[in-house]
Amino acid sequence: MRRRPHGSQTVLLQIILVFSLLCTIIPGIARADLEDVQRRGVLRHLGVTYAHFIRKTPQGYDGLDVEVMGLFAKHLGVKYQFISSTWSSLFTDLTGRKLNSATSEYFKESTEKIKGDIIANGLTVLPNRQKIVNYSVPTFPTGIWLIAPAYSPIKPIKPSENIEKDIENVKKLLNGHSVLTMSNTCLDADYFHFDPTRVDIKLFTTSKTTNDIVPALINGMADTTLLDIPDAMITLQQWPGEIKIIGPVSSPQIMGAAVSKNSPELLQEFNTFFKEIWNDGTYRSLVEKYYPSVFLYFDTFFDTDR
């Protein structure tokens, strides 16, 4: 004869059942840690089309981070799925929680559907982002440059050995000029403390991708714009003779993959995987494929013994 559960056991079973139902019904409770990815059998890679990290092609998507995440999925023994997002919805798609634009923090309620497990699209490590996601080990070097059309009277600075002095000199050149920026990206004007009484800050809202900023600049939307270094390297190839680099407006920065604060095991496994492809030369080969000129600017970042 089977024993009937004691009252306390019955209550516990009911709680487990209710929680399981909530995880299915309420999007924000659904987890995306390592065990969940393996159980699902699919790694959902969230990303924004950006430079050569993620490129949209007639066949689908390719790019440095698409290939890296494809290898990570293979490492996990699961299928790979790319999920396209936007800069304004990227972190909500990862966590199911909306961001408060005033505080750069999540609202407490989880009201949206979790669409992906990990973000990788050349995501710059920034303090406000570190409050809402956990970053992997550094995967790529970056920084922010001021860019102007080739015909602009603004002349590039002469670099010194003092990056802070170079940044100060670049900002002085902006006096009386406009700069095109984009909210919710690493090009957000709030990061650079421009003097609004001296600099005309223009917000780019024509599209949701930074890929459209340089064409807007060339067409006269502003005197200058901001680009991070990987994007600038690609843009110089796409628009030869059309733009010029004035100088830095940020100190050196780094990029990485990012996961929800609720996905520590997935992050640990990615870091282990990334160390493997770093040490065996796989990652360097991919960087050479998509960013061959990066080694001219950052010759030590990709050292194998970093």
# chains A, B, ... in the order shown; residues from 1 in each chain; ligands from 1
$ residues_around --residues "region 62-73 of chain A" --least-positions-apart "6" --cutoff "8 Å" --atoms "only C-alpha atoms" --output "list in words"
Val42, Leu43, His45, His52, Phe53, Ile54, Arg55, Lys56, Lys79, Tyr80, Phe82, Ala120, Asn121, Gly122, Phe270, Phe273, Tyr283, Leu286, Val287 and Tyr290 of chain A
$ select_by_dssp --residues "region 56-296 of chain A" --states "alpha helix (DSSP H)" --output "number ranges by chain"
A: 64-76, 90-95, 127-130, 163-173, 213-218, 229-238, 264-279, 282-290, 294-296
$ residues_around --residues "Trp145 (chain A)" --least-positions-apart "3" --cutoff "8 Å" --atoms "only C-alpha atoms" --output "PyMOL selection string"
chain A and resi 226-229+232+245-250
$ write_last_selection --atoms "N, CA and C atoms" --output "PDB file, in the first residue's frame"
ATOM      1  N   LEU A 226      30.737  60.436 -32.510  1.00  0.00           N
ATOM      2  CA  LEU A 226      31.552  59.539 -31.707  1.00  0.00           C
ATOM      3  C   LEU A 226      31.464  58.133 -32.286  1.00  0.00           C
ATOM      4  N   LEU A 227      32.582  57.416 -32.255  1.00  0.00           N
ATOM      5  CA  LEU A 227      32.598  56.010 -32.658  1.00  0.00           C
ATOM      6  C   LEU A 227      33.537  55.264 -31.738  1.00  0.00           C
ATOM      7  N   ASP A 228      33.195  54.016 -31.415  1.00  0.00           N
ATOM      8  CA  ASP A 228      34.188  53.237 -30.690  1.00  0.00           C
ATOM      9  C   ASP A 228      35.204  52.701 -31.690  1.00  0.00           C
ATOM     10  N   ILE A 229      36.343  52.288 -31.199  1.00  0.00           N
ATOM     11  CA  ILE A 229      37.476  51.985 -32.065  1.00  0.00           C
ATOM     12  C   ILE A 229      37.202  50.857 -33.052  1.00  0.00           C
ATOM     13  N   ALA A 232      35.087  52.257 -35.739  1.00  0.00           N
ATOM     14  CA  ALA A 232      35.834  53.246 -36.518  1.00  0.00           C
ATOM     15  C   ALA A 232      36.755  52.566 -37.532  1.00  0.00           C
ATOM     16  N   ILE A 245      39.811  60.783 -38.138  1.00  0.00           N
ATOM     17  CA  ILE A 245      39.823  60.621 -36.688  1.00  0.00           C
ATOM     18  C   ILE A 245      40.465  61.860 -36.072  1.00  0.00           C
ATOM     19  N   ILE A 246      39.735  62.516 -35.171  1.00  0.00           N
ATOM     20  CA  ILE A 246      40.258  63.710 -34.514  1.00  0.00           C
ATOM     21  C   ILE A 246      41.092  63.336 -33.287  1.00  0.00           C
ATOM     22  N   GLY A 247      40.620  62.371 -32.513  1.00  0.00           N
ATOM     23  CA  GLY A 247      41.359  61.927 -31.337  1.00  0.00           C
ATOM     24  C   GLY A 247      40.427  61.269 -30.334  1.00  0.00           C
ATOM     25  N   PRO A 248      40.968  60.841 -29.195  1.00  0.00           N
ATOM     26  CA  PRO A 248      40.169  60.106 -28.204  1.00  0.00           C
ATOM     27  C   PRO A 248      39.324  61.021 -27.322  1.00  0.00           C
ATOM     28  N   VAL A 249      38.158  60.494 -26.914  1.00  0.00           N
ATOM     29  CA  VAL A 249      37.354  61.179 -25.897  1.00  0.00           C
ATOM     30  C   VAL A 249      37.121  60.261 -24.697  1.00  0.00           C
ATOM     31  N   SER A 250      37.795  59.122 -24.683  1.00  0.00           N
ATOM     32  CA  SER A 250      37.708  58.221 -23.532  1.00  0.00           C
ATOM     33  C   SER A 250      39.056  57.550 -23.323  1.00  0.00           C
TER      34      SER A 250
END
$ atom_distance --atom1 "CA of Asp200 (chain A)" --atom2 "CA of Lys165 (chain A)"
22.0 Å
$ residues_around --residues "region 294-305 of chain A" --least-positions-apart "4" --cutoff "8 Å" --atoms "only C-alpha atoms" --output "tab-separated table (two decimals) with N, CA and C atoms, in the first residue's frame"
chain	number	residue	atom	x	y	z
A	140	PHE	N	37.76	41.99	-26.09
A	140	PHE	CA	38.20	42.88	-27.17
A	140	PHE	C	38.52	44.25	-26.59
A	141	PRO	N	39.54	44.92	-27.12
A	141	PRO	CA	39.88	46.27	-26.65
A	141	PRO	C	39.07	47.33	-27.40
A	230	PRO	N	36.61	49.71	-32.64
A	230	PRO	CA	36.34	48.66	-33.63
A	230	PRO	C	35.44	49.15	-34.76
A	233	MET	N	37.38	51.46	-37.13
A	233	MET	CA	38.26	50.74	-38.05
A	233	MET	C	37.50	50.24	-39.27
A	278	TRP	N	41.26	31.00	-26.56
A	278	TRP	CA	42.32	32.02	-26.53
A	278	TRP	C	43.69	31.32	-26.58
A	279	ASN	N	43.87	30.33	-25.74
A	279	ASN	CA	45.17	29.66	-25.62
A	279	ASN	C	45.53	28.83	-26.85
A	281	GLY	N	44.72	29.48	-29.94
A	281	GLY	CA	44.85	30.32	-31.13
A	281	GLY	C	43.59	30.46	-31.96
A	284	ARG	N	42.27	34.16	-31.83
A	284	ARG	CA	43.11	35.09	-32.60
A	284	ARG	C	42.86	34.95	-34.10
$ atom_distance --atom1 "CA of Lys202 (chain A)" --atom2 "CA of Leu180 (chain A)"
4.8 Å
$ residues_around --residues "region 166-170 of chain A" --least-positions-apart "5" --cutoff "12 Å" --atoms "only C-alpha atoms" --output "PyMOL selection string"
chain A and resi 143-148+154-161+175+177+192-195+224+226+245-252
$ select_by_dssp --residues "region 42-182 of chain A" --states "strand (DSSP E or B)" --output "NGL selection string"
:A and (42-47 or 50 or 54-57 or 60-62 or 79-84 or 99-100 or 105-106 or 118-124 or 134-135 or 140-142 or 144-149 or 178-181)
$ write_last_selection --atoms "N, CA and C atoms" --output "short mmCIF file (atom, residue, chain, number, x, y, z; two decimals), in the first residue's frame"
data_model
loop_
_atom_site.label_atom_id
_atom_site.label_comp_id
_atom_site.auth_asym_id
_atom_site.auth_seq_id
_atom_site.Cartn_x
_atom_site.Cartn_y
_atom_site.Cartn_z
N VAL A 42 19.43 24.49 -26.46
CA VAL A 42 19.70 25.61 -27.37
C VAL A 42 20.35 26.75 -26.60
N LEU A 43 21.44 27.30 -27.15
CA LEU A 43 22.02 28.53 -26.60
C LEU A 43 21.47 29.69 -27.40
N ARG A 44 20.76 30.60 -26.71
CA ARG A 44 20.15 31.75 -27.37
C ARG A 44 21.09 32.95 -27.25
N HIS A 45 21.71 33.30 -28.35
CA HIS A 45 22.68 34.39 -28.40
C HIS A 45 21.97 35.68 -28.78
N LEU A 46 21.92 36.61 -27.83
CA LEU A 46 21.33 37.93 -28.07
C LEU A 46 22.38 38.89 -28.62
N GLY A 47 21.99 39.68 -29.61
CA GLY A 47 22.94 40.66 -30.12
C GLY A 47 22.30 41.71 -30.99
N TYR A 50 26.16 45.04 -35.47
CA TYR A 50 27.13 46.08 -35.10
C TYR A 50 28.52 45.73 -35.62
N ILE A 54 28.65 41.47 -35.32
CA ILE A 54 27.46 40.81 -35.86
C ILE A 54 27.08 41.54 -37.14
N ARG A 55 27.06 40.80 -38.25
CA ARG A 55 26.70 41.38 -39.54
C ARG A 55 25.51 40.63 -40.12
N LYS A 56 24.58 41.39 -40.68
CA LYS A 56 23.46 40.77 -41.36
C LYS A 56 23.82 40.55 -42.82
N THR A 57 23.60 39.34 -43.30
CA THR A 57 23.94 38.98 -44.67
C THR A 57 22.69 38.39 -45.34
N GLY A 60 21.83 35.24 -43.62
CA GLY A 60 21.53 35.26 -42.20
C GLY A 60 22.43 36.23 -41.46
N TYR A 61 23.20 35.73 -40.51
CA TYR A 61 24.11 36.58 -39.74
C TYR A 61 25.48 35.92 -39.65
N ASP A 62 26.52 36.75 -39.68
CA ASP A 62 27.87 36.27 -39.39
C ASP A 62 28.59 37.33 -38.58
N LYS A 79 22.40 23.28 -29.51
CA LYS A 79 22.27 24.00 -30.76
C LYS A 79 22.48 25.50 -30.53
N TYR A 80 22.79 26.19 -31.61
CA TYR A 80 23.02 27.64 -31.54
C TYR A 80 21.86 28.37 -32.19
N GLN A 81 21.41 29.46 -31.56
CA GLN A 81 20.37 30.31 -32.12
C GLN A 81 20.73 31.77 -31.89
N PHE A 82 20.75 32.54 -32.98
CA PHE A 82 20.98 33.98 -32.84
C PHE A 82 19.64 34.69 -32.78
N ILE A 83 19.50 35.61 -31.82
CA ILE A 83 18.28 36.39 -31.65
C ILE A 83 18.63 37.87 -31.76
N SER A 84 18.13 38.51 -32.80
CA SER A 84 18.42 39.92 -33.04
C SER A 84 17.66 40.80 -32.05
N LEU A 99 14.26 48.64 -17.99
CA LEU A 99 15.21 49.54 -17.35
C LEU A 99 14.58 50.89 -17.07
N ASN A 100 14.94 51.45 -15.93
CA ASN A 100 14.56 52.82 -15.60
C ASN A 100 15.64 53.74 -16.19
N GLU A 105 18.80 51.41 -13.76
CA GLU A 105 18.55 50.21 -12.98
C GLU A 105 17.23 49.59 -13.42
N TYR A 106 17.07 48.30 -13.11
CA TYR A 106 15.83 47.64 -13.49
C TYR A 106 14.69 48.05 -12.57
N ILE A 118 22.65 34.99 -23.38
CA ILE A 118 23.94 35.68 -23.29
C ILE A 118 24.01 36.74 -24.39
N ILE A 119 24.56 37.89 -24.04
CA ILE A 119 24.75 38.99 -24.99
C ILE A 119 26.20 38.98 -25.47
N ALA A 120 26.38 39.09 -26.78
CA ALA A 120 27.73 39.23 -27.34
C ALA A 120 27.61 39.96 -28.67
N ASN A 121 28.02 41.23 -28.67
CA ASN A 121 28.00 42.02 -29.91
C ASN A 121 28.98 43.19 -29.82
N GLY A 122 30.14 42.93 -29.22
CA GLY A 122 31.06 44.03 -28.98
C GLY A 122 30.49 44.93 -27.91
N LEU A 123 30.16 44.36 -26.75
CA LEU A 123 29.50 45.10 -25.67
C LEU A 123 30.55 45.71 -24.74
N THR A 124 30.63 47.04 -24.75
CA THR A 124 31.61 47.74 -23.93
C THR A 124 31.25 47.61 -22.44
N ASN A 134 26.37 40.73 -15.52
CA ASN A 134 27.72 40.29 -15.20
C ASN A 134 28.49 40.06 -16.49
N TYR A 135 29.70 40.60 -16.53
CA TYR A 135 30.53 40.50 -17.74
C TYR A 135 31.49 39.32 -17.67
N PHE A 140 37.76 41.99 -26.09
CA PHE A 140 38.20 42.88 -27.17
C PHE A 140 38.52 44.25 -26.59
N PRO A 141 39.54 44.92 -27.12
CA PRO A 141 39.88 46.27 -26.65
C PRO A 141 39.07 47.33 -27.40
N THR A 142 38.84 48.45 -26.76
CA THR A 142 38.11 49.51 -27.43
C THR A 142 38.40 50.85 -26.77
N ILE A 144 36.70 55.31 -27.25
CA ILE A 144 35.83 56.16 -28.07
C ILE A 144 36.65 57.27 -28.72
N TRP A 145 36.47 57.41 -30.02
CA TRP A 145 37.14 58.45 -30.79
C TRP A 145 36.13 59.48 -31.29
N LEU A 146 36.60 60.71 -31.45
CA LEU A 146 35.81 61.75 -32.12
C LEU A 146 36.13 61.66 -33.61
N ILE A 147 35.07 61.66 -34.42
CA ILE A 147 35.19 61.52 -35.86
C ILE A 147 34.59 62.74 -36.53
N ALA A 148 35.20 63.18 -37.62
CA ALA A 148 34.67 64.32 -38.38
C ALA A 148 34.73 63.99 -39.87
N PRO A 149 33.92 64.66 -40.68
CA PRO A 149 34.04 64.47 -42.13
C PRO A 149 35.41 64.94 -42.60
N SER A 178 28.97 70.90 -33.16
CA SER A 178 27.97 69.91 -32.76
C SER A 178 28.57 68.51 -32.81
N VAL A 179 28.04 67.64 -31.94
CA VAL A 179 28.49 66.25 -31.91
C VAL A 179 27.26 65.35 -31.89
N LEU A 180 27.26 64.35 -32.74
CA LEU A 180 26.14 63.42 -32.87
C LEU A 180 26.37 62.24 -31.93
N THR A 181 25.39 61.99 -31.05
CA THR A 181 25.52 60.93 -30.05
C THR A 181 24.29 60.01 -30.12
#
$ closest_residue --among "A:Ala216, A:His75, A:Gly96, A:Thr86" --to "Glu276 (chain A)" --atoms "only C-alpha atoms"
A:His75
$ closest_residue --among "A:Thr210, A:Asp223, A:Val259, A:Gln59" --to "Asn271 (chain A)" --atoms "only C-alpha atoms"
A:Val259
$ closest_residue --among "A:Lys108, A:Pro58, A:Ile234, A:Asp117" --to "Leu266 (chain A)" --atoms "only C-alpha atoms"
A:Asp117
$ decode --residues "region 142-222 of chain A" --atoms "C-alpha atoms" --output "PDB file, in the first residue's frame"
ATOM      1  CA  THR A 142      38.110  49.512 -27.434  1.00  0.00           C
ATOM      2  CA  GLY A 143      37.761  53.214 -26.644  1.00  0.00           C
ATOM      3  CA  ILE A 144      35.830  56.160 -28.072  1.00  0.00           C
ATOM      4  CA  TRP A 145      37.139  58.452 -30.792  1.00  0.00           C
ATOM      5  CA  LEU A 146      35.815  61.747 -32.118  1.00  0.00           C
ATOM      6  CA  ILE A 147      35.194  61.519 -35.864  1.00  0.00           C
ATOM      7  CA  ALA A 148      34.671  64.319 -38.378  1.00  0.00           C
ATOM      8  CA  PRO A 149      34.037  64.472 -42.131  1.00  0.00           C
ATOM      9  CA  ALA A 150      37.195  64.730 -44.191  1.00  0.00           C
ATOM     10  CA  TYR A 151      36.205  68.263 -45.286  1.00  0.00           C
ATOM     11  CA  SER A 152      35.849  69.511 -41.684  1.00  0.00           C
ATOM     12  CA  PRO A 153      38.103  72.412 -40.577  1.00  0.00           C
ATOM     13  CA  ILE A 154      38.653  70.544 -37.282  1.00  0.00           C
ATOM     14  CA  LYS A 155      42.129  69.037 -37.413  1.00  0.00           C
ATOM     15  CA  PRO A 156      43.265  65.825 -35.678  1.00  0.00           C
ATOM     16  CA  ILE A 157      45.313  66.332 -32.535  1.00  0.00           C
ATOM     17  CA  LYS A 158      48.926  65.271 -32.303  1.00  0.00           C
ATOM     18  CA  PRO A 159      48.894  62.307 -29.880  1.00  0.00           C
ATOM     19  CA  SER A 160      51.012  62.524 -26.759  1.00  0.00           C
ATOM     20  CA  GLU A 161      51.952  59.966 -24.135  1.00  0.00           C
ATOM     21  CA  ASN A 162      49.252  61.330 -21.819  1.00  0.00           C
ATOM     22  CA  ILE A 163      45.793  60.060 -22.766  1.00  0.00           C
ATOM     23  CA  GLU A 164      44.010  62.419 -20.371  1.00  0.00           C
ATOM     24  CA  LYS A 165      45.757  65.405 -21.971  1.00  0.00           C
ATOM     25  CA  ASP A 166      44.778  64.129 -25.422  1.00  0.00           C
ATOM     26  CA  ILE A 167      41.140  63.815 -24.354  1.00  0.00           C
ATOM     27  CA  GLU A 168      41.202  67.360 -22.974  1.00  0.00           C
ATOM     28  CA  ASN A 169      42.640  68.695 -26.251  1.00  0.00           C
ATOM     29  CA  VAL A 170      40.008  66.890 -28.323  1.00  0.00           C
ATOM     30  CA  LYS A 171      37.177  68.298 -26.207  1.00  0.00           C
ATOM     31  CA  LYS A 172      38.557  71.823 -26.637  1.00  0.00           C
ATOM     32  CA  LEU A 173      38.282  71.401 -30.403  1.00  0.00           C
ATOM     33  CA  LEU A 174      34.535  70.748 -29.991  1.00  0.00           C
ATOM     34  CA  ASN A 175      33.867  74.269 -28.683  1.00  0.00           C
ATOM     35  CA  GLY A 176      31.315  75.872 -31.007  1.00  0.00           C
ATOM     36  CA  HIS A 177      30.635  72.607 -32.858  1.00  0.00           C
ATOM     37  CA  SER A 178      27.974  69.910 -32.757  1.00  0.00           C
ATOM     38  CA  VAL A 179      28.489  66.250 -31.909  1.00  0.00           C
ATOM     39  CA  LEU A 180      26.144  63.421 -32.870  1.00  0.00           C
ATOM     40  CA  THR A 181      25.519  60.925 -30.054  1.00  0.00           C
ATOM     41  CA  MET A 182      23.218  57.969 -29.393  1.00  0.00           C
ATOM     42  CA  SER A 183      21.440  57.116 -26.140  1.00  0.00           C
ATOM     43  CA  ASN A 184      21.676  53.670 -24.515  1.00  0.00           C
ATOM     44  CA  THR A 185      24.968  52.922 -26.258  1.00  0.00           C
ATOM     45  CA  CYS A 186      28.623  53.489 -25.477  1.00  0.00           C
ATOM     46  CA  LEU A 187      28.240  56.707 -27.531  1.00  0.00           C
ATOM     47  CA  ASP A 188      25.828  58.247 -25.036  1.00  0.00           C
ATOM     48  CA  ALA A 189      26.854  61.861 -24.350  1.00  0.00           C
ATOM     49  CA  ASP A 190      26.352  61.376 -20.606  1.00  0.00           C
ATOM     50  CA  TYR A 191      29.584  59.370 -20.421  1.00  0.00           C
ATOM     51  CA  PHE A 192      31.793  62.198 -21.700  1.00  0.00           C
ATOM     52  CA  HIS A 193      30.773  65.277 -19.694  1.00  0.00           C
ATOM     53  CA  PHE A 194      30.684  67.681 -22.614  1.00  0.00           C
ATOM     54  CA  ASP A 195      30.013  71.299 -21.673  1.00  0.00           C
ATOM     55  CA  PRO A 196      26.506  71.935 -23.091  1.00  0.00           C
ATOM     56  CA  THR A 197      27.192  75.692 -23.149  1.00  0.00           C
ATOM     57  CA  ARG A 198      30.066  75.122 -25.566  1.00  0.00           C
ATOM     58  CA  VAL A 199      29.103  71.945 -27.427  1.00  0.00           C
ATOM     59  CA  ASP A 200      25.855  71.355 -29.340  1.00  0.00           C
ATOM     60  CA  ILE A 201      24.921  67.782 -28.429  1.00  0.00           C
ATOM     61  CA  LYS A 202      22.673  66.207 -31.052  1.00  0.00           C
ATOM     62  CA  LEU A 203      20.860  62.948 -30.404  1.00  0.00           C
ATOM     63  CA  PHE A 204      20.772  60.452 -33.274  1.00  0.00           C
ATOM     64  CA  THR A 205      17.302  58.881 -33.427  1.00  0.00           C
ATOM     65  CA  THR A 206      16.880  58.269 -37.145  1.00  0.00           C
ATOM     66  CA  SER A 207      17.516  54.556 -36.675  1.00  0.00           C
ATOM     67  CA  LYS A 208      18.257  52.098 -33.868  1.00  0.00           C
ATOM     68  CA  THR A 209      21.678  51.064 -35.158  1.00  0.00           C
ATOM     69  CA  THR A 210      24.983  52.882 -34.813  1.00  0.00           C
ATOM     70  CA  ASN A 211      25.871  51.707 -38.327  1.00  0.00           C
ATOM     71  CA  ASP A 212      23.813  54.621 -39.694  1.00  0.00           C
ATOM     72  CA  ILE A 213      25.602  57.366 -37.775  1.00  0.00           C
ATOM     73  CA  VAL A 214      28.499  57.958 -40.177  1.00  0.00           C
ATOM     74  CA  PRO A 215      26.291  58.344 -43.274  1.00  0.00           C
ATOM     75  CA  ALA A 216      24.258  60.888 -41.278  1.00  0.00           C
ATOM     76  CA  LEU A 217      27.478  62.704 -40.351  1.00  0.00           C
ATOM     77  CA  ILE A 218      28.688  62.830 -43.943  1.00  0.00           C
ATOM     78  CA  ASN A 219      25.283  64.167 -45.002  1.00  0.00           C
ATOM     79  CA  GLY A 220      25.660  67.095 -42.596  1.00  0.00           C
ATOM     80  CA  MET A 221      23.533  66.103 -39.596  1.00  0.00           C
ATOM     81  CA  ALA A 222      26.322  67.290 -37.271  1.00  0.00           C
TER      82      ALA A 222
END
